[in-house]
Structures are given as C-alpha cells and as structure tokens.
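For reference, the structure is listed below as structure tokens.
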Amino acid sequence: MPAARDSNKNPIPVIARMMKLLDVLASHPEPLGLKQVAQYTGLHPSTAHRILSAMAADRMVDRVEPGSYRLGMHLLELGNLVKSRINVREMALPVMRELHAQTGETVNLSVRHDDEIVYVERTSSGRSAMRVVHVIGTRAALHITAAGKLFLLEEGFAKLREYAKRTGLTGHTRNTITALPQLERELERIQRQGWATDNEEAEIGVRCVAAAVRDDGGALVAALSISSPADRMKPTWGPLVKESAERIGHAIGHRKDASRISAA
C-alpha cells in the first residue's frame, strides 16, 4: 500500500521508469531477464519487476517465460493506429511554410500516381511571376519534373526502361530529356547528389529542385520541391530542400539509419 500511495502522489518518476524499461526492451531484439533489465536501467530488481508486471497486465510487455520480458503486442497495435492517422500533408505544411519563408518561392508537395506526379499541397505568397501554376490536383509526367525523377530513380533503371517505352519520353520544352541514355545519366547524378532538379524541362523560364520524403519503412511516399523563375533559383536550395524533406520524413517516422541509401 505505501508504494501505491507514493505512485499516486508522484506519478512522473513511475512514468520515467516505465519509459526506461521500454527503451531497454526496444534496444534488444531478444527477451531480457529481470536481472538484465534491472542492470541496463539501473532500477532495483523489485522495482523493475513491479512495473513490468503492471505493464504485462496491459500487454505493453510480454512475459515470455518467468522472469523474461519483451515488448508487447499492444505497442504494435498502438503504433499501427498512430501510423494510420499520420497525414503526410498535415506533417509537411509547417515545414513547407518555413521553406517558403526562407526562399520566398513556391513550395510543393507531390505524390506519384501511375506515370505522373500529382501536386497535393502548395505554399506560395503570389510573389512569383511564373506562368506555371501548380494547383493542387495538377498532374505532370514523371520525367519532366524534379519530383517525378525521384520516383523514377526509386524504381530503378530496369523499370525506367519500361517507363520510357510506355511514355515515349514525350518532350514538353526544348530542355525536356527525351533520350533514355541521357535520362539514365540524369538519375545517376541525382543519386550522387541527393536531390533532383528540373532545368526548364516542364516549362521554359521555370526551374525546380526536389527531395524525397520517406516513411518509417524507408519508402518514398512524397516529394518536396521548390519552383521558381529560372534566374532566381539558387544552388543552395538543393541541400535546403533535402534537409526540409528529411524533417518531414522524421515527423512521419523515418530514420535514416533504418533505410537503404536514399535517392534524395
């Protein structure tokens, strides 16, 4: 009873200990014995046992065998619920607004649909004199946009050849890449550089730079891009948009050390 009164009076230390236990179990793929858990957390074995027992009752941890514990299925259920409620657009908007404030240019968020990208979010002050308007819902061919090139790179060069065959790499301006070998070299450059560019390939006078937004599994789920008049595009915006895209990815659960080499 005294322990219960202490917990009710001062619950924060109990929560801190619980989180410490979860962190230790999360860092070890194999079940841990009570003595190991106590050693790693610095908690007294009786304290660790009491908290673990309460957590096991709520399925936050599983007792594999007497005195041995691992993370519980309830955490997986909660994690899947959180993931299902994450909205990439919602998470991206604050970062997009910040990027727009830094550059003064249009910032876009786009996703892939078949052989096109679709613009799903946009921030702009109306300052830009560009003729192109990336209205939400607007589509564009993958090979003519910086964002679309990221999705082509993600699929790999074998799939790129299939895309080229399907679409014929139709030209939109004199700068559009319409030859497969040249597009392959462009994707290799993007892979080395870490972000993609569009050099007036969709519309003369307009340039774009884009970087990949990845989810908790490392998959490319969206592309963040800056569009500006060609003469206002700055070389420093490549690293800037890449860093901003990574921040959005982090917000939806992506961790760089848990994914393959990023295309952007």
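Chain lettering (A, B, ...) mirrors the order of the structure tokens, residue numbering begins at 1 for each chain separately, and ligand numbering begins at 1 in order of display.
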
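For region 86-185 of chain A, backbone-based DSSP labels the following residues as strand (DSSP E): Thr106, Val107, Asn108, Leu109, Ser110, Val111, Arg112, His113, Glu116, Ile117, Val118, Tyr119, Val120, Glu121, Arg122, Thr123, Arg139, Ala140 and Ala141 of chain A.
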
**Item:** Contacts of region 61-71 of chain A within 9 Å, only C-alpha atoms, excl. fewer than 6 positions in-chain, as a list in words
**Value:** Leu22, Leu25, Ala26, His28, Pro29, Glu30, Pro31, Leu32, Gly33, Leu34, Lys35, Val37, His49, Leu52, Ser53 and Met55 of chain A

**Prompt:** Residues at most 7 Å from region 120-123 of chain A, counting only C-alpha atoms, excluding those fewer than 4 positions away in the same chain, as number ranges by chain?
**Reply:** A: 89, 96-97, 100, 106-110, 136-137

Go ahead and save the picked residues with C-alpha atoms, as a PDB file, in the first residue's frame.
ATOM      1  CA  ARG A  89       0.277  16.719 -45.936  1.00  0.00           C
ATOM      2  CA  MET A  96       6.697  23.902 -46.297  1.00  0.00           C
ATOM      3  CA  ARG A  97       5.692  27.269 -44.827  1.00  0.00           C
ATOM      4  CA  HIS A 100       8.686  29.263 -48.354  1.00  0.00           C
ATOM      5  CA  THR A 106       6.611  28.319 -54.303  1.00  0.00           C
ATOM      6  CA  VAL A 107       6.937  25.097 -52.309  1.00  0.00           C
ATOM      7  CA  ASN A 108       5.130  21.955 -53.482  1.00  0.00           C
ATOM      8  CA  LEU A 109       4.347  18.524 -52.096  1.00  0.00           C
ATOM      9  CA  SER A 110       3.610  15.849 -54.683  1.00  0.00           C
ATOM     10  CA  ILE A 136      -3.455  21.117 -56.014  1.00  0.00           C
ATOM     11  CA  GLY A 137      -4.502  18.158 -58.138  1.00  0.00           C
TER      12      GLY A 137
END

Residues of region 44-184 of chain A in helix (DSSP H, G or I) according to DSSP, as a PDB file with N, CA and C atoms, in the first residue's frame?
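Just written: states05.pdb:
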ATOM      1  N   PRO A  45      15.802  -4.499  -8.834  1.00  0.00           N
ATOM      2  CA  PRO A  45      15.025  -5.598  -9.425  1.00  0.00           C
ATOM      3  C   PRO A  45      13.574  -5.642  -8.969  1.00  0.00           C
ATOM      4  N   SER A  46      13.316  -5.348  -7.697  1.00  0.00           N
ATOM      5  CA  SER A  46      11.927  -5.391  -7.221  1.00  0.00           C
ATOM      6  C   SER A  46      11.088  -4.285  -7.852  1.00  0.00           C
ATOM      7  N   THR A  47      11.714  -3.114  -8.064  1.00  0.00           N
ATOM      8  CA  THR A  47      11.011  -2.002  -8.719  1.00  0.00           C
ATOM      9  C   THR A  47      10.720  -2.350 -10.168  1.00  0.00           C
ATOM     10  N   ALA A  48      11.745  -2.878 -10.866  1.00  0.00           N
ATOM     11  CA  ALA A  48      11.567  -3.271 -12.265  1.00  0.00           C
ATOM     12  C   ALA A  48      10.491  -4.337 -12.393  1.00  0.00           C
ATOM     13  N   HIS A  49      10.504  -5.310 -11.470  1.00  0.00           N
ATOM     14  CA  HIS A  49       9.519  -6.401 -11.524  1.00  0.00           C
ATOM     15  C   HIS A  49       8.109  -5.872 -11.325  1.00  0.00           C
ATOM     16  N   ARG A  50       7.930  -4.958 -10.368  1.00  0.00           N
ATOM     17  CA  ARG A  50       6.605  -4.408 -10.090  1.00  0.00           C
ATOM     18  C   ARG A  50       6.041  -3.656 -11.305  1.00  0.00           C
ATOM     19  N   ILE A  51       6.889  -2.830 -11.936  1.00  0.00           N
ATOM     20  CA  ILE A  51       6.422  -2.048 -13.083  1.00  0.00           C
ATOM     21  C   ILE A  51       6.184  -2.952 -14.287  1.00  0.00           C
ATOM     22  N   LEU A  52       7.083  -3.899 -14.514  1.00  0.00           N
ATOM     23  CA  LEU A  52       6.914  -4.838 -15.636  1.00  0.00           C
ATOM     24  C   LEU A  52       5.645  -5.668 -15.480  1.00  0.00           C
ATOM     25  N   SER A  53       5.314  -6.049 -14.274  1.00  0.00           N
ATOM     26  CA  SER A  53       4.095  -6.831 -14.040  1.00  0.00           C
ATOM     27  C   SER A  53       2.857  -6.019 -14.397  1.00  0.00           C
ATOM     28  N   ALA A  54       2.869  -4.746 -14.028  1.00  0.00           N
ATOM     29  CA  ALA A  54       1.744  -3.878 -14.371  1.00  0.00           C
ATOM     30  C   ALA A  54       1.655  -3.681 -15.884  1.00  0.00           C
ATOM     31  N   MET A  55       2.800  -3.526 -16.521  1.00  0.00           N
ATOM     32  CA  MET A  55       2.829  -3.343 -17.974  1.00  0.00           C
ATOM     33  C   MET A  55       2.399  -4.618 -18.690  1.00  0.00           C
ATOM     34  N   ALA A  56       2.756  -5.772 -18.146  1.00  0.00           N
ATOM     35  CA  ALA A  56       2.355  -7.053 -18.745  1.00  0.00           C
ATOM     36  C   ALA A  56       0.844  -7.225 -18.677  1.00  0.00           C
ATOM     37  N   ALA A  57       0.239  -6.743 -17.592  1.00  0.00           N
ATOM     38  CA  ALA A  57      -1.216  -6.841 -17.454  1.00  0.00           C
ATOM     39  C   ALA A  57      -1.928  -6.045 -18.540  1.00  0.00           C
ATOM     40  N   MET A  73       2.421  -6.790 -27.612  1.00  0.00           N
ATOM     41  CA  MET A  73       1.644  -6.579 -28.827  1.00  0.00           C
ATOM     42  C   MET A  73       0.801  -5.315 -28.779  1.00  0.00           C
ATOM     43  N   HIS A  74       0.476  -4.858 -27.586  1.00  0.00           N
ATOM     44  CA  HIS A  74      -0.336  -3.638 -27.503  1.00  0.00           C
ATOM     45  C   HIS A  74       0.419  -2.442 -28.079  1.00  0.00           C
ATOM     46  N   LEU A  75       1.736  -2.464 -27.950  1.00  0.00           N
ATOM     47  CA  LEU A  75       2.541  -1.392 -28.538  1.00  0.00           C
ATOM     48  C   LEU A  75       2.440  -1.411 -30.060  1.00  0.00           C
ATOM     49  N   LEU A  76       2.414  -2.622 -30.636  1.00  0.00           N
ATOM     50  CA  LEU A  76       2.258  -2.748 -32.092  1.00  0.00           C
ATOM     51  C   LEU A  76       0.898  -2.218 -32.526  1.00  0.00           C
ATOM     52  N   GLU A  77      -0.125  -2.553 -31.767  1.00  0.00           N
ATOM     53  CA  GLU A  77      -1.471  -2.062 -32.092  1.00  0.00           C
ATOM     54  C   GLU A  77      -1.523  -0.547 -32.041  1.00  0.00           C
ATOM     55  N   LEU A  78      -0.919   0.038 -31.006  1.00  0.00           N
ATOM     56  CA  LEU A  78      -0.898   1.494 -30.884  1.00  0.00           C
ATOM     57  C   LEU A  78      -0.077   2.126 -32.007  1.00  0.00           C
ATOM     58  N   GLY A  79       1.058   1.479 -32.333  1.00  0.00           N
ATOM     59  CA  GLY A  79       1.914   2.002 -33.400  1.00  0.00           C
ATOM     60  C   GLY A  79       1.206   2.008 -34.740  1.00  0.00           C
ATOM     61  N   ASN A  80       0.474   0.935 -35.028  1.00  0.00           N
ATOM     62  CA  ASN A  80      -0.279   0.877 -36.289  1.00  0.00           C
ATOM     63  C   ASN A  80      -1.385   1.919 -36.319  1.00  0.00           C
ATOM     64  N   LEU A  81      -1.984   2.177 -35.173  1.00  0.00           N
ATOM     65  CA  LEU A  81      -3.030   3.194 -35.096  1.00  0.00           C
ATOM     66  C   LEU A  81      -2.448   4.575 -35.360  1.00  0.00           C
ATOM     67  N   VAL A  82      -1.311   4.857 -34.737  1.00  0.00           N
ATOM     68  CA  VAL A  82      -0.648   6.147 -34.955  1.00  0.00           C
ATOM     69  C   VAL A  82      -0.282   6.308 -36.422  1.00  0.00           C
ATOM     70  N   LYS A  83       0.294   5.258 -36.997  1.00  0.00           N
ATOM     71  CA  LYS A  83       0.707   5.314 -38.402  1.00  0.00           C
ATOM     72  C   LYS A  83      -0.481   5.574 -39.315  1.00  0.00           C
ATOM     73  N   SER A  84      -1.620   4.938 -39.028  1.00  0.00           N
ATOM     74  CA  SER A  84      -2.793   5.105 -39.884  1.00  0.00           C
ATOM     75  C   SER A  84      -3.353   6.514 -39.808  1.00  0.00           C
ATOM     76  N   ARG A  85      -3.055   7.210 -38.714  1.00  0.00           N
ATOM     77  CA  ARG A  85      -3.605   8.562 -38.539  1.00  0.00           C
ATOM     78  C   ARG A  85      -2.647   9.654 -38.985  1.00  0.00           C
ATOM     79  N   VAL A  88       0.602  12.880 -44.265  1.00  0.00           N
ATOM     80  CA  VAL A  88       1.850  13.476 -44.748  1.00  0.00           C
ATOM     81  C   VAL A  88       1.661  14.960 -45.045  1.00  0.00           C
ATOM     82  N   ARG A  89       0.530  15.309 -45.628  1.00  0.00           N
ATOM     83  CA  ARG A  89       0.277  16.719 -45.936  1.00  0.00           C
ATOM     84  C   ARG A  89       0.254  17.549 -44.668  1.00  0.00           C
ATOM     85  N   GLU A  90      -0.404  17.029 -43.648  1.00  0.00           N
ATOM     86  CA  GLU A  90      -0.511  17.749 -42.386  1.00  0.00           C
ATOM     87  C   GLU A  90       0.861  17.952 -41.760  1.00  0.00           C
ATOM     88  N   MET A  91       1.693  16.896 -41.795  1.00  0.00           N
ATOM     89  CA  MET A  91       3.030  16.983 -41.222  1.00  0.00           C
ATOM     90  C   MET A  91       3.940  17.888 -42.059  1.00  0.00           C
ATOM     91  N   ALA A  92       3.693  17.925 -43.365  1.00  0.00           N
ATOM     92  CA  ALA A  92       4.564  18.681 -44.261  1.00  0.00           C
ATOM     93  C   ALA A  92       4.316  20.185 -44.219  1.00  0.00           C
ATOM     94  N   LEU A  93       3.082  20.596 -43.968  1.00  0.00           N
ATOM     95  CA  LEU A  93       2.724  22.010 -44.101  1.00  0.00           C
ATOM     96  C   LEU A  93       3.587  22.969 -43.278  1.00  0.00           C
ATOM     97  N   PRO A  94       3.847  22.699 -41.988  1.00  0.00           N
ATOM     98  CA  PRO A  94       4.697  23.632 -41.236  1.00  0.00           C
ATOM     99  C   PRO A  94       6.095  23.771 -41.847  1.00  0.00           C
ATOM    100  N   VAL A  95       6.652  22.665 -42.302  1.00  0.00           N
ATOM    101  CA  VAL A  95       7.980  22.702 -42.923  1.00  0.00           C
ATOM    102  C   VAL A  95       7.919  23.442 -44.256  1.00  0.00           C
ATOM    103  N   MET A  96       6.862  23.219 -45.014  1.00  0.00           N
ATOM    104  CA  MET A  96       6.697  23.902 -46.297  1.00  0.00           C
ATOM    105  C   MET A  96       6.591  25.413 -46.105  1.00  0.00           C
ATOM    106  N   ARG A  97       5.829  25.831 -45.095  1.00  0.00           N
ATOM    107  CA  ARG A  97       5.692  27.269 -44.827  1.00  0.00           C
ATOM    108  C   ARG A  97       7.035  27.884 -44.441  1.00  0.00           C
ATOM    109  N   GLU A  98       7.795  27.139 -43.642  1.00  0.00           N
ATOM    110  CA  GLU A  98       9.116  27.628 -43.238  1.00  0.00           C
ATOM    111  C   GLU A  98      10.047  27.733 -44.437  1.00  0.00           C
ATOM    112  N   LEU A  99      10.003  26.734 -45.312  1.00  0.00           N
ATOM    113  CA  LEU A  99      10.848  26.746 -46.507  1.00  0.00           C
ATOM    114  C   LEU A  99      10.448  27.890 -47.431  1.00  0.00           C
ATOM    115  N   HIS A 100       9.157  28.144 -47.537  1.00  0.00           N
ATOM    116  CA  HIS A 100       8.686  29.263 -48.354  1.00  0.00           C
ATOM    117  C   HIS A 100       9.164  30.598 -47.773  1.00  0.00           C
ATOM    118  N   ALA A 101       9.130  30.714 -46.436  1.00  0.00           N
ATOM    119  CA  ALA A 101       9.585  31.949 -45.792  1.00  0.00           C
ATOM    120  C   ALA A 101      11.078  32.172 -46.027  1.00  0.00           C
ATOM    121  N   GLN A 102      11.835  31.079 -46.060  1.00  0.00           N
ATOM    122  CA  GLN A 102      13.281  31.185 -46.274  1.00  0.00           C
ATOM    123  C   GLN A 102      13.632  31.576 -47.704  1.00  0.00           C
ATOM    124  N   THR A 103      12.865  31.090 -48.667  1.00  0.00           N
ATOM    125  CA  THR A 103      13.221  31.282 -50.072  1.00  0.00           C
ATOM    126  C   THR A 103      12.354  32.305 -50.793  1.00  0.00           C
ATOM    127  N   LEU A 142       6.385  12.154 -65.120  1.00  0.00           N
ATOM    128  CA  LEU A 142       7.495  11.951 -64.181  1.00  0.00           C
ATOM    129  C   LEU A 142       8.810  12.508 -64.710  1.00  0.00           C
ATOM    130  N   HIS A 143       9.119  12.276 -65.987  1.00  0.00           N
ATOM    131  CA  HIS A 143      10.465  12.591 -66.479  1.00  0.00           C
ATOM    132  C   HIS A 143      10.703  14.074 -66.724  1.00  0.00           C
ATOM    133  N   ILE A 144       9.652  14.899 -66.639  1.00  0.00           N
ATOM    134  CA  ILE A 144       9.843  16.330 -66.904  1.00  0.00           C
ATOM    135  C   ILE A 144       9.942  17.156 -65.636  1.00  0.00           C
ATOM    136  N   ALA A 146      11.379  17.589 -61.415  1.00  0.00           N
ATOM    137  CA  ALA A 146      12.368  17.170 -60.425  1.00  0.00           C
ATOM    138  C   ALA A 146      11.762  16.114 -59.501  1.00  0.00           C
ATOM    139  N   ALA A 147      10.528  16.356 -59.061  1.00  0.00           N
ATOM    140  CA  ALA A 147       9.867  15.409 -58.161  1.00  0.00           C
ATOM    141  C   ALA A 147       9.669  14.060 -58.838  1.00  0.00           C
ATOM    142  N   GLY A 148       9.234  14.087 -60.098  1.00  0.00           N
ATOM    143  CA  GLY A 148       8.997  12.840 -60.816  1.00  0.00           C
ATOM    144  C   GLY A 148      10.250  12.016 -61.008  1.00  0.00           C
ATOM    145  N   LYS A 149      11.376  12.669 -61.210  1.00  0.00           N
ATOM    146  CA  LYS A 149      12.646  11.939 -61.386  1.00  0.00           C
ATOM    147  C   LYS A 149      13.002  11.145 -60.135  1.00  0.00           C
ATOM    148  N   LEU A 150      12.628  11.654 -58.966  1.00  0.00           N
ATOM    149  CA  LEU A 150      12.899  10.928 -57.724  1.00  0.00           C
ATOM    150  C   LEU A 150      12.166   9.588 -57.725  1.00  0.00           C
ATOM    151  N   PHE A 151      10.923   9.600 -58.198  1.00  0.00           N
ATOM    152  CA  PHE A 151      10.140   8.363 -58.242  1.00  0.00           C
ATOM    153  C   PHE A 151      10.684   7.398 -59.290  1.00  0.00           C
ATOM    154  N   LEU A 152      11.177   7.930 -60.384  1.00  0.00           N
ATOM    155  CA  LEU A 152      11.794   7.069 -61.401  1.00  0.00           C
ATOM    156  C   LEU A 152      13.066   6.418 -60.850  1.00  0.00           C
ATOM    157  N   LEU A 153      13.865   7.187 -60.149  1.00  0.00           N
ATOM    158  CA  LEU A 153      15.085   6.646 -59.547  1.00  0.00           C
ATOM    159  C   LEU A 153      14.741   5.580 -58.516  1.00  0.00           C
ATOM    160  N   GLU A 154      13.686   5.814 -57.763  1.00  0.00           N
ATOM    161  CA  GLU A 154      13.288   4.868 -56.722  1.00  0.00           C
ATOM    162  C   GLU A 154      12.979   3.493 -57.304  1.00  0.00           C
ATOM    163  N   GLU A 155      12.371   3.455 -58.470  1.00  0.00           N
ATOM    164  CA  GLU A 155      12.000   2.184 -59.098  1.00  0.00           C
ATOM    165  C   GLU A 155      13.200   1.439 -59.676  1.00  0.00           C
ATOM    166  N   PHE A 157      16.645   1.285 -62.636  1.00  0.00           N
ATOM    167  CA  PHE A 157      16.887   1.515 -64.055  1.00  0.00           C
ATOM    168  C   PHE A 157      16.163   0.517 -64.965  1.00  0.00           C
ATOM    169  N   ALA A 158      15.885  -0.684 -64.489  1.00  0.00           N
ATOM    170  CA  ALA A 158      15.126  -1.642 -65.295  1.00  0.00           C
ATOM    171  C   ALA A 158      13.705  -1.131 -65.519  1.00  0.00           C
ATOM    172  N   LYS A 159      13.084  -0.638 -64.452  1.00  0.00           N
ATOM    173  CA  LYS A 159      11.741  -0.081 -64.558  1.00  0.00           C
ATOM    174  C   LYS A 159      11.743   1.214 -65.359  1.00  0.00           C
ATOM    175  N   LEU A 160      12.866   1.944 -65.321  1.00  0.00           N
ATOM    176  CA  LEU A 160      12.963   3.183 -66.099  1.00  0.00           C
ATOM    177  C   LEU A 160      12.808   2.901 -67.585  1.00  0.00           C
ATOM    178  N   ARG A 161      13.412   1.816 -68.036  1.00  0.00           N
ATOM    179  CA  ARG A 161      13.302   1.458 -69.458  1.00  0.00           C
ATOM    180  C   ARG A 161      11.855   1.133 -69.831  1.00  0.00           C
ATOM    181  N   GLU A 162      11.144   0.497 -68.909  1.00  0.00           N
ATOM    182  CA  GLU A 162       9.732   0.207 -69.158  1.00  0.00           C
ATOM    183  C   GLU A 162       8.923   1.504 -69.234  1.00  0.00           C
ATOM    184  N   TYR A 163       9.247   2.437 -68.330  1.00  0.00           N
ATOM    185  CA  TYR A 163       8.565   3.744 -68.342  1.00  0.00           C
ATOM    186  C   TYR A 163       8.824   4.465 -69.669  1.00  0.00           C
ATOM    187  N   ALA A 164      10.061   4.444 -70.110  1.00  0.00           N
ATOM    188  CA  ALA A 164      10.412   5.115 -71.363  1.00  0.00           C
ATOM    189  C   ALA A 164       9.647   4.516 -72.535  1.00  0.00           C
ATOM    190  N   LYS A 165       9.509   3.200 -72.512  1.00  0.00           N
ATOM    191  CA  LYS A 165       8.788   2.529 -73.592  1.00  0.00           C
ATOM    192  C   LYS A 165       7.307   2.892 -73.561  1.00  0.00           C
ATOM    193  N   ARG A 166       6.731   2.941 -72.365  1.00  0.00           N
ATOM    194  CA  ARG A 166       5.304   3.253 -72.231  1.00  0.00           C
ATOM    195  C   ARG A 166       4.990   4.680 -72.661  1.00  0.00           C
ATOM    196  N   THR A 167       5.831   5.606 -72.257  1.00  0.00           N
ATOM    197  CA  THR A 167       5.514   7.029 -72.436  1.00  0.00           C
ATOM    198  C   THR A 167       6.166   7.643 -73.666  1.00  0.00           C
ATOM    199  N   LEU A 180      16.598   7.973 -73.504  1.00  0.00           N
ATOM    200  CA  LEU A 180      16.788   7.122 -72.327  1.00  0.00           C
ATOM    201  C   LEU A 180      18.205   7.196 -71.759  1.00  0.00           C
ATOM    202  N   PRO A 181      19.287   7.123 -72.580  1.00  0.00           N
ATOM    203  CA  PRO A 181      20.628   7.191 -72.006  1.00  0.00           C
ATOM    204  C   PRO A 181      20.869   8.498 -71.223  1.00  0.00           C
ATOM    205  N   GLN A 182      20.350   9.586 -71.744  1.00  0.00           N
ATOM    206  CA  GLN A 182      20.515  10.866 -71.057  1.00  0.00           C
ATOM    207  C   GLN A 182      19.738  10.887 -69.737  1.00  0.00           C
ATOM    208  N   LEU A 183      18.528  10.294 -69.749  1.00  0.00           N
ATOM    209  CA  LEU A 183      17.730  10.238 -68.522  1.00  0.00           C
ATOM    210  C   LEU A 183      18.400   9.343 -67.485  1.00  0.00           C
ATOM    211  N   GLU A 184      19.011   8.257 -67.939  1.00  0.00           N
ATOM    212  CA  GLU A 184      19.742   7.387 -67.008  1.00  0.00           C
ATOM    213  C   GLU A 184      20.896   8.143 -66.358  1.00  0.00           C
TER     214      GLU A 184
END

**Message:** My list of candidates is A:Ser227, A:Ser244, A:Thr170, A:Thr41. Which is closest to Arg17 (chain A) when distances are computed with only C-alpha atoms?
**Reply:**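 The answer is A:Thr41, which sits nearest to Arg17 (chain A).
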
**Prompt:** In Å to one decimal, how far is CA of Arg112 (chain A) from CA of Ala222 (chain A)?
**Reply:** 7.3 Å

**Message:** Please report the interatomic distance between CA of Glu201 (chain A) and CA of Leu187 (chain A) in Å with one decimal.
**Reply:**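 The value is 14.6 Å.
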
**Message:** Please determine, counting only C-alpha atoms, which residue among A:Arg185, A:Ala38, A:Thr173, A:Ile190 has the shortest atom-to-atom distance to Ile204 (chain A).
**Reply:**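 Selected residue with least distance to Ile204 (chain A): A:Thr173.
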
**Message:** One number please: CA of Trp195 (chain A) to CA of Val241 (chain A), in Å, one decimal.
**Reply:**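 So the answer is 8.1 Å.
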
**Request:** With a distance cut-off of 9 Å and only C-alpha atoms, select the neighbouring residues of Ala219 (chain A), excluding the residue or stretch itself and same-chain residues fewer than 5 positions from it, and output the selection as a ChimeraX atom specification.
**Result:** /A:154,213-214,254,259

Dump of C-alpha atoms for the selected residues, as an mmCIF file, in the first residue's frame:
data_model
loop_
_atom_site.group_PDB
_atom_site.id
_atom_site.type_symbol
_atom_site.label_atom_id
_atom_site.label_comp_id
_atom_site.auth_asym_id
_atom_site.auth_seq_id
_atom_site.Cartn_x
_atom_site.Cartn_y
_atom_site.Cartn_z
ATOM 1 C CA GLU A 154 13.288 4.868 -56.722
ATOM 2 C CA VAL A 213 10.097 12.298 -48.257
ATOM 3 C CA ARG A 214 10.364 8.771 -46.834
ATOM 4 C CA HIS A 254 11.560 7.788 -40.965
ATOM 5 C CA SER A 259 16.576 2.610 -44.613
#
